[in-house]
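Note: the block below is model_27.cif and it holds mmCIF, C-alpha atoms.
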```cif
data_structure
loop_
_atom_site.group_PDB
_atom_site.id
_atom_site.type_symbol
_atom_site.label_atom_id
_atom_site.label_comp_id
_atom_site.auth_asym_id
_atom_site.auth_seq_id
_atom_site.Cartn_x
_atom_site.Cartn_y
_atom_site.Cartn_z
ATOM 1 C CA MET Y 98 28.388 18.184 -35.051
ATOM 2 C CA GLY Y 99 29.324 20.373 -32.099
ATOM 3 C CA ALA Y 100 32.152 18.087 -30.979
ATOM 4 C CA LYS Y 101 33.303 17.459 -34.543
ATOM 5 C CA SER Y 102 33.254 21.174 -35.260
ATOM 6 C CA LYS Y 103 35.447 21.878 -32.238
ATOM 7 C CA VAL Y 104 37.927 19.154 -33.195
ATOM 8 C CA LYS Y 105 38.055 20.481 -36.761
ATOM 9 C CA ARG Y 106 38.907 23.995 -35.583
ATOM 10 C CA ARG Y 107 41.644 22.707 -33.258
ATOM 11 C CA LYS Y 108 43.153 20.578 -36.024
ATOM 12 C CA GLN Y 109 43.295 23.588 -38.306
ATOM 13 C CA GLY Y 110 45.131 25.510 -35.617
ATOM 14 C CA GLU Y 111 42.458 28.185 -35.475
ATOM 15 C CA ASN Y 112 41.749 30.035 -32.244
ATOM 16 C CA ALA Y 113 38.076 30.248 -33.076
ATOM 17 C CA PRO Y 114 35.792 31.336 -30.232
ATOM 18 C CA GLU Y 115 33.326 28.837 -28.783
ATOM 19 C CA PRO Y 116 29.627 29.619 -28.311
ATOM 20 C CA PRO Y 117 28.221 29.779 -24.774
ATOM 21 C CA PRO Y 118 27.259 26.194 -23.730
ATOM 22 C CA SER Y 119 23.553 27.073 -23.529
ATOM 23 C CA PHE Y 120 23.548 28.213 -27.191
ATOM 24 C CA GLU Y 121 25.800 25.482 -28.606
ATOM 25 C CA PRO Y 122 23.366 22.532 -29.099
ATOM 26 C CA GLU Y 123 21.024 24.489 -31.362
ATOM 27 C CA ILE Y 124 23.928 25.881 -33.391
ATOM 28 C CA SER Y 125 25.360 22.374 -33.871
ATOM 29 C CA SER Y 126 21.991 20.930 -34.936
ATOM 30 C CA PHE Y 127 21.495 23.762 -37.391
ATOM 31 C CA LEU Y 128 24.953 23.326 -38.916
ATOM 32 C CA VAL Y 129 24.331 19.616 -39.428
ATOM 33 C CA TRP Y 130 21.040 20.459 -41.151
ATOM 34 C CA VAL Y 131 22.461 23.070 -43.552
ATOM 35 C CA GLN Y 132 25.363 20.796 -44.446
ATOM 36 C CA LEU Y 133 23.534 17.485 -44.863
ATOM 37 C CA GLU Y 134 19.989 18.536 -45.745
ATOM 38 C CA LYS Y 135 20.606 21.800 -47.607
ATOM 39 C CA GLY Y 136 23.902 20.699 -49.141
ATOM 40 C CA LEU Y 137 25.714 23.951 -48.407
ATOM 41 C CA SER Y 138 29.448 24.127 -48.987
ATOM 42 C CA PRO Y 139 31.906 23.783 -46.076
ATOM 43 C CA ASN Y 140 32.934 27.437 -46.512
ATOM 44 C CA THR Y 141 29.309 28.595 -46.211
ATOM 45 C CA VAL Y 142 28.739 26.367 -43.174
ATOM 46 C CA ASN Y 143 31.877 27.766 -41.536
ATOM 47 C CA SER Y 144 30.685 31.319 -42.224
ATOM 48 C CA TYR Y 145 27.315 30.562 -40.628
ATOM 49 C CA GLU Y 146 29.072 29.048 -37.639
ATOM 50 C CA ARG Y 147 31.259 32.118 -37.104
ATOM 51 C CA ASP Y 148 28.299 34.480 -37.421
ATOM 52 C CA LEU Y 149 26.114 32.502 -35.024
ATOM 53 C CA ILE Y 150 28.888 32.195 -32.461
ATOM 54 C CA GLN Y 151 29.512 35.934 -32.698
ATOM 55 C CA CYS Y 152 25.812 36.590 -32.193
ATOM 56 C CA SER Y 153 25.483 34.189 -29.246
ATOM 57 C CA LEU Y 154 28.480 35.717 -27.477
ATOM 58 C CA HIS Y 155 26.960 39.185 -27.774
ATOM 59 C CA LEU Y 156 23.573 37.912 -26.582
ATOM 60 C CA LYS Y 157 25.273 36.525 -23.485
ATOM 61 C CA THR Y 158 26.671 39.984 -22.669
ATOM 62 C CA GLN Y 159 23.054 41.233 -22.746
ATOM 63 C CA GLY Y 160 22.063 38.665 -20.114
ATOM 64 C CA ILE Y 161 20.341 36.310 -22.592
ATOM 65 C CA SER Y 162 20.895 32.680 -21.602
ATOM 66 C CA ASP Y 163 19.535 30.793 -24.650
ATOM 67 C CA TRP Y 164 17.858 31.213 -28.047
ATOM 68 C CA GLN Y 165 14.350 30.936 -26.560
ATOM 69 C CA LYS Y 166 14.826 34.201 -24.686
ATOM 70 C CA VAL Y 167 16.064 36.268 -27.660
ATOM 71 C CA GLY Y 168 13.957 39.284 -28.645
ATOM 72 C CA ILE Y 169 14.102 41.721 -31.527
ATOM 73 C CA GLU Y 170 15.660 44.348 -29.246
ATOM 74 C CA ASN Y 171 18.576 41.991 -28.516
ATOM 75 C CA LEU Y 172 19.320 41.424 -32.194
ATOM 76 C CA SER Y 173 18.985 45.151 -32.891
ATOM 77 C CA ALA Y 174 21.572 45.829 -30.165
ATOM 78 C CA TRP Y 175 23.900 43.243 -31.735
ATOM 79 C CA LEU Y 176 23.575 44.814 -35.188
ATOM 80 C CA SER Y 177 24.152 48.267 -33.703
ATOM 81 C CA SER Y 178 27.362 47.070 -32.082
ATOM 82 C CA LEU Y 179 28.532 45.665 -35.424
ATOM 83 C CA THR Y 180 27.725 48.959 -37.120
ATOM 84 C CA GLU Y 181 29.860 50.761 -34.530
ATOM 85 C CA GLN Y 182 32.664 48.362 -35.458
ATOM 86 C CA GLU Y 183 32.226 49.621 -39.058
ATOM 87 C CA TYR Y 184 30.862 46.436 -40.583
ATOM 88 C CA VAL Y 185 29.355 47.303 -43.966
ATOM 89 C CA ALA Y 186 25.687 46.670 -44.789
ATOM 90 C CA THR Y 187 26.468 43.609 -46.931
ATOM 91 C CA SER Y 188 28.284 41.945 -44.006
ATOM 92 C CA LEU Y 189 25.467 42.826 -41.616
ATOM 93 C CA SER Y 190 22.913 41.346 -44.026
ATOM 94 C CA ARG Y 191 24.916 38.120 -44.305
ATOM 95 C CA LYS Y 192 25.197 37.767 -40.531
ATOM 96 C CA LEU Y 193 21.512 38.481 -40.057
ATOM 97 C CA SER Y 194 20.697 35.932 -42.762
ATOM 98 C CA ALA Y 195 22.485 33.231 -40.740
ATOM 99 C CA VAL Y 196 20.450 34.120 -37.643
ATOM 100 C CA ARG Y 197 17.197 34.197 -39.662
ATOM 101 C CA MET Y 198 17.888 30.706 -41.008
ATOM 102 C CA LEU Y 199 18.665 29.430 -37.514
ATOM 103 C CA ALA Y 200 15.418 30.888 -36.129
ATOM 104 C CA LYS Y 201 13.332 29.338 -38.911
ATOM 105 C CA PHE Y 202 15.075 26.004 -38.399
ATOM 106 C CA LEU Y 203 14.460 26.012 -34.628
ATOM 107 C CA LYS Y 204 10.818 26.983 -35.089
ATOM 108 C CA GLY Y 205 10.371 24.173 -37.619
ATOM 109 C CA GLU Y 206 11.898 21.747 -35.133
ATOM 110 C CA ASN Y 207 9.535 23.020 -32.397
ATOM 111 C CA LYS Y 208 12.510 24.246 -30.388
ATOM 112 C CA LEU Y 209 11.333 27.841 -30.627
ATOM 113 C CA ASN Y 210 7.869 29.239 -29.966
ATOM 114 C CA LYS Y 211 8.265 32.358 -32.086
ATOM 115 C CA ASP Y 212 10.643 33.487 -34.838
ATOM 116 C CA PHE Y 213 12.560 36.296 -33.108
ATOM 117 C CA THR Y 214 13.792 37.667 -36.455
ATOM 118 C CA GLU Y 215 10.326 38.093 -37.966
ATOM 119 C CA LEU Y 216 10.005 41.863 -37.471
ATOM 120 C CA LEU Y 217 13.664 42.701 -37.947
ATOM 121 C CA VAL Y 218 14.405 44.875 -41.002
ATOM 122 C CA ASN Y 219 17.440 44.090 -43.137
ATOM 123 C CA PRO Y 220 20.248 46.670 -42.993
ATOM 124 C CA ARG Y 221 19.914 49.069 -45.902
ATOM 125 C CA LYS Y 222 22.638 48.694 -48.472
ATOM 126 C CA ALA Y 223 24.107 51.860 -49.907
ATOM 127 C CA ARG Y 224 22.765 52.356 -53.391
ATOM 128 C CA HIS Y 225 25.450 53.711 -55.646
ATOM 129 C CA LEU Y 226 24.914 55.000 -59.135
ATOM 130 C CA PRO Y 227 27.529 55.213 -61.863
ATOM 131 C CA ASP Y 228 29.008 58.630 -62.515
ATOM 132 C CA SER Y 229 26.629 60.897 -64.380
ATOM 133 C CA LEU Y 230 27.983 63.594 -66.655
ATOM 134 C CA SER Y 231 27.362 67.287 -66.305
ATOM 135 C CA ILE Y 232 25.493 68.951 -69.155
ATOM 136 C CA ASP Y 233 28.761 70.450 -70.462
ATOM 137 C CA GLU Y 234 30.498 67.073 -70.279
ATOM 138 C CA MET Y 235 27.597 65.431 -72.078
ATOM 139 C CA GLU Y 236 27.777 67.986 -74.887
ATOM 140 C CA SER Y 237 31.508 67.329 -75.297
ATOM 141 C CA PHE Y 238 30.901 63.598 -75.309
ATOM 142 C CA LEU Y 239 28.149 63.789 -77.934
ATOM 143 C CA GLU Y 240 30.307 65.966 -80.189
ATOM 144 C CA ALA Y 241 33.266 63.552 -80.083
ATOM 145 C CA PRO Y 242 32.212 61.257 -83.015
ATOM 146 C CA ASP Y 243 33.421 62.323 -86.476
ATOM 147 C CA LEU Y 244 30.305 62.976 -88.561
ATOM 148 C CA ASN Y 245 32.303 62.727 -91.777
ATOM 149 C CA THR Y 246 32.419 58.927 -91.467
ATOM 150 C CA PRO Y 247 29.657 56.284 -91.467
ATOM 151 C CA LEU Y 248 30.843 54.959 -88.100
ATOM 152 C CA GLY Y 249 30.915 58.457 -86.652
ATOM 153 C CA LYS Y 250 27.326 59.002 -87.772
ATOM 154 C CA ARG Y 251 26.374 55.685 -86.205
ATOM 155 C CA ASP Y 252 28.069 56.466 -82.915
ATOM 156 C CA ARG Y 253 26.527 59.929 -82.653
ATOM 157 C CA ALA Y 254 23.055 58.458 -83.254
ATOM 158 C CA LEU Y 255 23.765 55.688 -80.741
ATOM 159 C CA PHE Y 256 24.800 58.101 -78.000
ATOM 160 C CA GLU Y 257 22.088 60.659 -78.744
ATOM 161 C CA LEU Y 258 19.489 57.895 -78.349
ATOM 162 C CA MET Y 259 21.011 56.507 -75.163
ATOM 163 C CA TYR Y 260 21.144 59.931 -73.562
ATOM 164 C CA GLY Y 261 18.053 61.437 -75.198
ATOM 165 C CA SER Y 262 15.768 58.514 -74.376
ATOM 166 C CA GLY Y 263 17.478 56.872 -71.382
ATOM 167 C CA LEU Y 264 17.831 53.481 -73.055
ATOM 168 C CA ARG Y 265 19.591 50.509 -71.506
ATOM 169 C CA VAL Y 266 22.541 49.100 -73.441
ATOM 170 C CA SER Y 267 20.540 45.921 -74.149
ATOM 171 C CA GLU Y 268 17.638 47.994 -75.480
ATOM 172 C CA ILE Y 269 19.753 50.129 -77.799
ATOM 173 C CA GLY Y 270 21.399 47.063 -79.323
ATOM 174 C CA SER Y 271 18.133 45.301 -80.040
ATOM 175 C CA LEU Y 272 16.338 48.311 -81.591
ATOM 176 C CA LEU Y 273 14.844 47.519 -85.002
ATOM 177 C CA MET Y 274 14.565 50.025 -87.836
ATOM 178 C CA ASN Y 275 10.780 49.719 -87.873
ATOM 179 C CA SER Y 276 10.547 50.421 -84.143
ATOM 180 C CA ILE Y 277 11.717 54.016 -84.469
ATOM 181 C CA ASP Y 278 9.786 56.945 -85.950
ATOM 182 C CA THR Y 279 11.956 60.017 -86.409
ATOM 183 C CA LYS Y 280 9.119 62.063 -87.902
ATOM 184 C CA GLU Y 281 6.795 61.607 -84.924
ATOM 185 C CA GLY Y 282 9.741 61.507 -82.521
ATOM 186 C CA PHE Y 283 9.303 58.239 -80.636
ATOM 187 C CA ALA Y 284 10.653 54.691 -80.440
ATOM 188 C CA ARG Y 285 9.104 51.426 -79.281
ATOM 189 C CA VAL Y 286 11.458 49.649 -76.911
ATOM 190 C CA PHE Y 287 11.362 46.205 -75.340
ATOM 191 C CA GLY Y 288 12.877 46.424 -71.859
ATOM 192 C CA LYS Y 289 13.311 44.015 -68.982
ATOM 193 C CA GLY Y 290 10.863 41.129 -69.024
ATOM 194 C CA SER Y 291 10.091 41.924 -72.690
ATOM 195 C CA LYS Y 292 7.866 44.781 -71.539
ATOM 196 C CA GLU Y 293 7.199 47.253 -74.320
ATOM 197 C CA ARG Y 294 7.250 50.983 -73.737
ATOM 198 C CA VAL Y 295 7.234 54.066 -75.938
ATOM 199 C CA VAL Y 296 10.002 56.609 -75.390
ATOM 200 C CA PRO Y 297 10.426 60.102 -76.876
ATOM 201 C CA LEU Y 298 13.451 60.687 -79.103
ATOM 202 C CA GLY Y 299 14.037 64.387 -78.770
ATOM 203 C CA ARG Y 300 14.982 66.682 -81.623
ATOM 204 C CA HIS Y 301 18.735 66.056 -81.507
ATOM 205 C CA ALA Y 302 18.365 62.263 -81.327
ATOM 206 C CA ALA Y 303 15.850 62.195 -84.183
ATOM 207 C CA ARG Y 304 18.169 64.299 -86.371
ATOM 208 C CA ALA Y 305 21.186 62.104 -85.535
ATOM 209 C CA VAL Y 306 19.257 58.921 -86.371
ATOM 210 C CA GLU Y 307 18.091 60.399 -89.692
ATOM 211 C CA ASN Y 308 21.676 61.333 -90.519
ATOM 212 C CA TYR Y 309 22.832 57.816 -89.695
ATOM 213 C CA LEU Y 310 20.047 56.161 -91.706
ATOM 214 C CA HIS Y 311 20.930 58.152 -94.831
ATOM 215 C CA GLY Y 312 24.689 58.537 -94.529
ATOM 216 C CA GLY Y 313 25.884 55.795 -92.215
ATOM 217 C CA ARG Y 314 23.901 52.587 -92.107
ATOM 218 C CA PRO Y 315 23.798 52.006 -95.896
ATOM 219 C CA PHE Y 316 27.621 51.758 -95.854
ATOM 220 C CA LEU Y 317 27.529 49.105 -93.093
ATOM 221 C CA VAL Y 318 24.929 46.816 -94.649
ATOM 222 C CA LYS Y 319 26.252 43.434 -95.860
ATOM 223 C CA ASP Y 320 24.688 40.275 -97.256
ATOM 224 C CA GLY Y 321 22.611 38.743 -94.499
ATOM 225 C CA THR Y 322 22.176 41.988 -92.545
ATOM 226 C CA GLY Y 323 18.954 41.977 -90.519
ATOM 227 C CA GLY Y 324 16.559 44.724 -89.536
ATOM 228 C CA GLU Y 325 18.495 45.946 -86.499
ATOM 229 C CA LEU Y 326 19.089 49.684 -86.424
ATOM 230 C CA PHE Y 327 22.682 49.785 -85.230
ATOM 231 C CA LEU Y 328 25.213 47.686 -87.127
ATOM 232 C CA SER Y 329 28.851 46.779 -86.651
ATOM 233 C CA ILE Y 330 31.414 47.227 -89.406
ATOM 234 C CA ARG Y 331 30.682 43.603 -90.393
ATOM 235 C CA GLY Y 332 27.020 44.353 -90.989
ATOM 236 C CA LYS Y 333 25.902 42.473 -87.884
ATOM 237 C CA VAL Y 334 23.976 43.874 -84.931
ATOM 238 C CA ILE Y 335 26.306 45.864 -82.701
ATOM 239 C CA SER Y 336 27.183 44.006 -79.496
ATOM 240 C CA ARG Y 337 26.858 45.224 -75.914
ATOM 241 C CA LYS Y 338 30.609 44.819 -75.478
ATOM 242 C CA MET Y 339 31.287 47.071 -78.468
ATOM 243 C CA ILE Y 340 28.934 49.728 -77.101
ATOM 244 C CA TRP Y 341 30.866 49.677 -73.817
ATOM 245 C CA VAL Y 342 34.151 50.045 -75.706
ATOM 246 C CA LEU Y 343 32.792 52.941 -77.778
ATOM 247 C CA VAL Y 344 31.530 54.818 -74.717
ATOM 248 C CA LYS Y 345 34.920 54.478 -73.005
ATOM 249 C CA ASP Y 346 36.858 55.508 -76.117
ATOM 250 C CA TYR Y 347 34.770 58.588 -76.847
ATOM 251 C CA ALA Y 348 34.847 59.672 -73.193
ATOM 252 C CA ARG Y 349 38.642 59.677 -73.409
ATOM 253 C CA LYS Y 350 38.543 61.609 -76.691
ATOM 254 C CA ALA Y 351 36.290 64.194 -75.045
ATOM 255 C CA GLY Y 352 38.751 64.575 -72.182
ATOM 256 C CA ILE Y 353 36.306 63.284 -69.549
ATOM 257 C CA GLU Y 354 38.095 61.816 -66.535
ATOM 258 C CA LYS Y 355 35.020 60.235 -64.954
ATOM 259 C CA ASN Y 356 34.389 56.507 -65.224
ATOM 260 C CA VAL Y 357 31.793 56.752 -68.004
ATOM 261 C CA SER Y 358 29.669 53.724 -68.922
ATOM 262 C CA PRO Y 359 26.563 53.096 -71.051
ATOM 263 C CA HIS Y 360 24.550 52.976 -67.840
ATOM 264 C CA GLY Y 361 26.076 56.315 -66.902
ATOM 265 C CA LEU Y 362 24.463 57.886 -69.981
ATOM 266 C CA ARG Y 363 21.099 56.539 -68.825
ATOM 267 C CA HIS Y 364 21.717 57.981 -65.358
ATOM 268 C CA SER Y 365 22.658 61.318 -66.881
ATOM 269 C CA PHE Y 366 19.370 61.285 -68.801
ATOM 270 C CA ALA Y 367 17.357 60.775 -65.592
ATOM 271 C CA THR Y 368 19.410 63.189 -63.492
ATOM 272 C CA HIS Y 369 19.225 66.016 -66.019
ATOM 273 C CA LEU Y 370 15.479 65.571 -66.442
ATOM 274 C CA LEU Y 371 14.864 65.730 -62.691
ATOM 275 C CA MET Y 372 17.226 68.694 -62.323
ATOM 276 C CA GLY Y 373 15.120 70.461 -64.939
ATOM 277 C CA GLY Y 374 11.923 69.853 -62.987
ATOM 278 C CA ALA Y 375 10.511 66.772 -64.747
ATOM 279 C CA ASP Y 376 7.793 64.796 -62.967
ATOM 280 C CA ILE Y 377 9.263 61.693 -61.333
ATOM 281 C CA ARG Y 378 6.411 59.485 -62.578
ATOM 282 C CA SER Y 379 7.108 60.521 -66.154
ATOM 283 C CA VAL Y 380 10.810 59.769 -65.703
ATOM 284 C CA GLN Y 381 9.876 56.392 -64.213
ATOM 285 C CA GLU Y 382 7.803 55.576 -67.279
ATOM 286 C CA MET Y 383 10.525 56.648 -69.693
ATOM 287 C CA LEU Y 384 13.143 54.587 -67.877
ATOM 288 C CA GLY Y 385 10.880 51.549 -67.720
ATOM 289 C CA HIS Y 386 11.167 51.183 -63.935
ATOM 290 C CA ALA Y 387 8.495 48.931 -62.440
ATOM 291 C CA ASP Y 388 8.840 50.661 -59.047
ATOM 292 C CA VAL Y 389 8.999 54.432 -58.623
ATOM 293 C CA GLY Y 390 11.315 53.807 -55.660
ATOM 294 C CA THR Y 391 14.050 52.868 -58.122
ATOM 295 C CA THR Y 392 13.616 56.202 -59.895
ATOM 296 C CA GLN Y 393 13.669 58.078 -56.580
ATOM 297 C CA ILE Y 394 17.296 57.059 -56.115
ATOM 298 C CA TYR Y 395 18.172 59.806 -58.604
ATOM 299 C CA THR Y 396 16.503 62.469 -56.494
ATOM 300 C CA GLN Y 397 18.369 61.219 -53.403
ATOM 301 C CA VAL Y 398 21.697 61.247 -55.219
ATOM 302 C CA GLU Y 399 21.064 64.748 -56.544
ATOM 303 C CA ALA Y 400 20.119 65.969 -53.060
ATOM 304 C CA GLU Y 401 23.337 64.503 -51.639
ATOM 305 C CA ARG Y 402 25.333 66.186 -54.415
ATOM 306 C CA LEU Y 403 23.786 69.557 -53.593
ATOM 307 C CA LEU Y 404 24.572 69.112 -49.898
ATOM 308 C CA ASP Y 405 28.183 68.277 -50.747
ATOM 309 C CA GLU Y 406 28.422 71.344 -52.997
ATOM 310 C CA HIS Y 407 27.051 73.535 -50.218
ATOM 311 C CA ALA Y 408 29.435 72.068 -47.633
ATOM 312 C CA ASN Y 409 32.434 72.510 -49.914
ATOM 313 C CA PHE Y 410 31.812 75.981 -51.286
ATOM 314 C CA HIS Y 411 29.469 77.999 -49.079
ATOM 315 C CA PRO Y 412 31.541 80.367 -46.888
ATOM 316 C CA LEU Y 413 29.418 79.779 -43.775
ATOM 317 C CA SER Y 414 28.787 76.048 -44.177
ATOM 318 C CA ASN Y 415 31.495 75.022 -41.673
ATOM 319 C CA SER Y 416 31.326 78.008 -39.348
#
```

Any chance you could give the structure as structure tokens?
Amino acid sequence: MGAKSKVKRRKQGENAPEPPPSFEPEISSFLVWVQLEKGLSPNTVNSYERDLIQCSLHLKTQGISDWQKVGIENLSAWLSSLTEQEYVATSLSRKLSAVRMLAKFLKGENKLNKDFTELLVNPRKARHLPDSLSIDEMESFLEAPDLNTPLGKRDRALFELMYGSGLRVSEIGSLLMNSIDTKEGFARVFGKGSKERVVPLGRHAARAVENYLHGGRPFLVKDGTGGELFLSIRGKVISRKMIWVLVKDYARKAGIEKNVSPHGLRHSFATHLLMGGADIRSVQEMLGHADVGTTQIYTQVEAERLLDEHANFHPLSNS
């Protein structure tokens, strides 16, 4: 594979670097294995080859002569050098994945005594959240539907529930009429993995749903309409795509320039709760997060926002 790989690169006219001779046999054996045994595509195999060659060349500059002598500190130094070259976390993870696969392969072939990637931690990917709305922006957004029409009543109830209870777009679309209790102020929701949870409605959401049930939904019901709460103009359950379209349209009507999405309403729900001092475990439960670490992203994002605000507006922040 090594010789064939070299010929292939020359035929393509590429000036691809070659691995140090002491690293090359293992790389070639690995590439044969992933192509023939794992059935990976030529593009993936070529990517692995480039990453492994890049790694081996850097290892050589550290005085490492072959794969058997590689330690975790050597790979950490390689990743640090890539970070300095401004490789993003996704690229670093892909490159490290190639090296991990090589190490496991060599260990399985008894060509390596110990997996030198075992204790290496994957580069942390930046976790971005969709734009959340300020409280003023949210109020403008919620007031955008025309409550004089059945569809306006529906849309207000839809948005009040999404923001007031932090529901996912899939959850709001699948809500049944008998799963919501406006008098007691709660709804039963089936989230990811069909896990059921109970969420509070809030006074505004409960009132909007009542208004929709009496003055909106009856006008949307058609023959064959099921028990879903939110209906389209055809009397069918409202689709996720339509919810996305509605959120975008009403954000424009409200004069909001941010990139608003259904998920952004859910993020606004969590952010505003935490800003108001809500317990993170309670927010986790309401959002239906299996891991509190997912919920903690909101606190990190809010902390970063506050730091940015301080840096931008405090008179002594840059002095």

**Request:** Give as a count of residues only the residues that the PyMOL selection byres ((chain Y and resi 310) around 12) matches when applied to the coordinates above.
**Result:** 32

**Request:** For atom CA of Y:Gly136 and atom CA of Y:Ser194, determine how far apart the two atoms are, in Å to one decimal place.
**Result:** 16.8 Å

**Asked** Could you name the residues that touch stretch 125-135 of chain Y at 8 Å or less, counting all atoms listed in the file, but leaving out those on the same chain fewer than 4 positions away, as number ranges by chain?
**Response** Y: 98-99, 121, 139, 142, 145-146, 199, 202-203

**Asked** Which residues, written as a VMD selection string, have at least one atom at most 12 Å from Y:Ser291, with all atoms listed in the file counted and residues fewer than 6 positions away on the same chain left out?
**Response** chain Y and resid 267 to 268 271 285 385

**Message:** I'd like the contact shell of Y:Lys289 - 12 Å cut-off, only C-alpha atoms, skipping same-chain residues fewer than 3 positions apart - returned as number ranges by chain.
**Reply:** Y: 264-268, 286, 292-294, 384-387

**Request:** Can you give me, as number ranges by chain, the residues this file yields under the PyMOL selection byres ((chain Y and resi 234) around 12)?
**Result:** Y: 228-233, 235-241, 347-355, 357, 362, 365

Only C-alpha atoms, please: the residues just picked out, written as a PDB file, in the frame of the given file.
```pdb
ATOM      1  CA  ASP Y 228      29.008  58.630 -62.515  1.00  0.00           C
ATOM      2  CA  SER Y 229      26.629  60.897 -64.380  1.00  0.00           C
ATOM      3  CA  LEU Y 230      27.983  63.594 -66.655  1.00  0.00           C
ATOM      4  CA  SER Y 231      27.362  67.287 -66.305  1.00  0.00           C
ATOM      5  CA  ILE Y 232      25.493  68.951 -69.155  1.00  0.00           C
ATOM      6  CA  ASP Y 233      28.761  70.450 -70.462  1.00  0.00           C
ATOM      7  CA  MET Y 235      27.597  65.431 -72.078  1.00  0.00           C
ATOM      8  CA  GLU Y 236      27.777  67.986 -74.887  1.00  0.00           C
ATOM      9  CA  SER Y 237      31.508  67.329 -75.297  1.00  0.00           C
ATOM     10  CA  PHE Y 238      30.901  63.598 -75.309  1.00  0.00           C
ATOM     11  CA  LEU Y 239      28.149  63.789 -77.934  1.00  0.00           C
ATOM     12  CA  GLU Y 240      30.307  65.966 -80.189  1.00  0.00           C
ATOM     13  CA  ALA Y 241      33.266  63.552 -80.083  1.00  0.00           C
ATOM     14  CA  TYR Y 347      34.770  58.588 -76.847  1.00  0.00           C
ATOM     15  CA  ALA Y 348      34.847  59.672 -73.193  1.00  0.00           C
ATOM     16  CA  ARG Y 349      38.642  59.677 -73.409  1.00  0.00           C
ATOM     17  CA  LYS Y 350      38.543  61.609 -76.691  1.00  0.00           C
ATOM     18  CA  ALA Y 351      36.290  64.194 -75.045  1.00  0.00           C
ATOM     19  CA  GLY Y 352      38.751  64.575 -72.182  1.00  0.00           C
ATOM     20  CA  ILE Y 353      36.306  63.284 -69.549  1.00  0.00           C
ATOM     21  CA  GLU Y 354      38.095  61.816 -66.535  1.00  0.00           C
ATOM     22  CA  LYS Y 355      35.020  60.235 -64.954  1.00  0.00           C
ATOM     23  CA  VAL Y 357      31.793  56.752 -68.004  1.00  0.00           C
ATOM     24  CA  LEU Y 362      24.463  57.886 -69.981  1.00  0.00           C
ATOM     25  CA  SER Y 365      22.658  61.318 -66.881  1.00  0.00           C
TER      26      SER Y 365
END
```

**Asked** Rounded to one decimal in Å, what is the spacing between atom CA of Y:Glu183 and atom CA of Y:Lys157?
**Response**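 Value for the atom CA of Y:Glu183-atom CA of Y:Lys157 distance: 21.5 Å.
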
**Message:** Would you pick out the contacts of Y:Gln159 at 12 Å or less, using only C-alpha atoms, so that residues sharing its chain but fewer than 3 positions from it are not included, and give the list as a list in words?
**Reply:**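 Contacts, with the query itself left out: Cys152, Ser153, Leu154, His155, Leu156, Ser162, Asp163, Lys166, Val167, Gly168, Glu170, Asn171, Leu172, Ser173, Ala174, Trp175 and Ser178 of chain Y.
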
For the residues in that selection, give me C-alpha atoms as an mmCIF file, in the coordinates of the input.
```cif
data_model
loop_
_atom_site.group_PDB
_atom_site.id
_atom_site.type_symbol
_atom_site.label_atom_id
_atom_site.label_comp_id
_atom_site.auth_asym_id
_atom_site.auth_seq_id
_atom_site.Cartn_x
_atom_site.Cartn_y
_atom_site.Cartn_z
ATOM 1 C CA CYS Y 152 25.812 36.590 -32.193
ATOM 2 C CA SER Y 153 25.483 34.189 -29.246
ATOM 3 C CA LEU Y 154 28.480 35.717 -27.477
ATOM 4 C CA HIS Y 155 26.960 39.185 -27.774
ATOM 5 C CA LEU Y 156 23.573 37.912 -26.582
ATOM 6 C CA SER Y 162 20.895 32.680 -21.602
ATOM 7 C CA ASP Y 163 19.535 30.793 -24.650
ATOM 8 C CA LYS Y 166 14.826 34.201 -24.686
ATOM 9 C CA VAL Y 167 16.064 36.268 -27.660
ATOM 10 C CA GLY Y 168 13.957 39.284 -28.645
ATOM 11 C CA GLU Y 170 15.660 44.348 -29.246
ATOM 12 C CA ASN Y 171 18.576 41.991 -28.516
ATOM 13 C CA LEU Y 172 19.320 41.424 -32.194
ATOM 14 C CA SER Y 173 18.985 45.151 -32.891
ATOM 15 C CA ALA Y 174 21.572 45.829 -30.165
ATOM 16 C CA TRP Y 175 23.900 43.243 -31.735
ATOM 17 C CA SER Y 178 27.362 47.070 -32.082
#
```

**Message:** as a VMD selection string, please: the residues near Y:Gln165 (cut-off 9 Å, only C-alpha atoms, same-chain neighbours under 6 positions excluded).
**Reply:** chain Y and resid 208 to 211 213

**Message:** Under the rule that all atoms listed in the file are counted, which of Y:Arg378, Y:Phe366, Y:Arg337, Y:Gly249 is the nearest residue to Y:Gly299?
**Reply:** Y:Phe366

**Request:** Mind giving me the straight-line distance from atom CA of Y:Pro116 to atom CA of Y:Tyr184 in Å, one decimal?
**Result:**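 Calculated distance between atom CA of Y:Pro116 and atom CA of Y:Tyr184 is 20.9 Å.
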
Emit a file covering stretch 368-380 of chain Y of the preceding structure with C-alpha atoms, as a compact mmCIF listing (two decimals), in the first residue's frame.
```
# COMPACT_ATOMS: atom_id res chain seq x y z
CA THR Y 368 -31.79 31.80 29.89
CA HIS Y 369 -34.49 34.01 31.38
CA LEU Y 370 -35.20 31.51 34.14
CA LEU Y 371 -31.54 31.29 35.12
CA MET Y 372 -31.15 35.08 34.91
CA GLY Y 373 -34.04 35.32 37.36
CA GLY Y 374 -32.33 33.00 39.83
CA ALA Y 375 -34.02 29.66 39.06
CA ASP Y 376 -32.36 26.49 40.34
CA ILE Y 377 -30.42 24.78 37.55
CA ARG Y 378 -31.76 21.34 38.50
CA SER Y 379 -35.32 22.58 38.14
CA VAL Y 380 -34.51 24.08 34.74
```
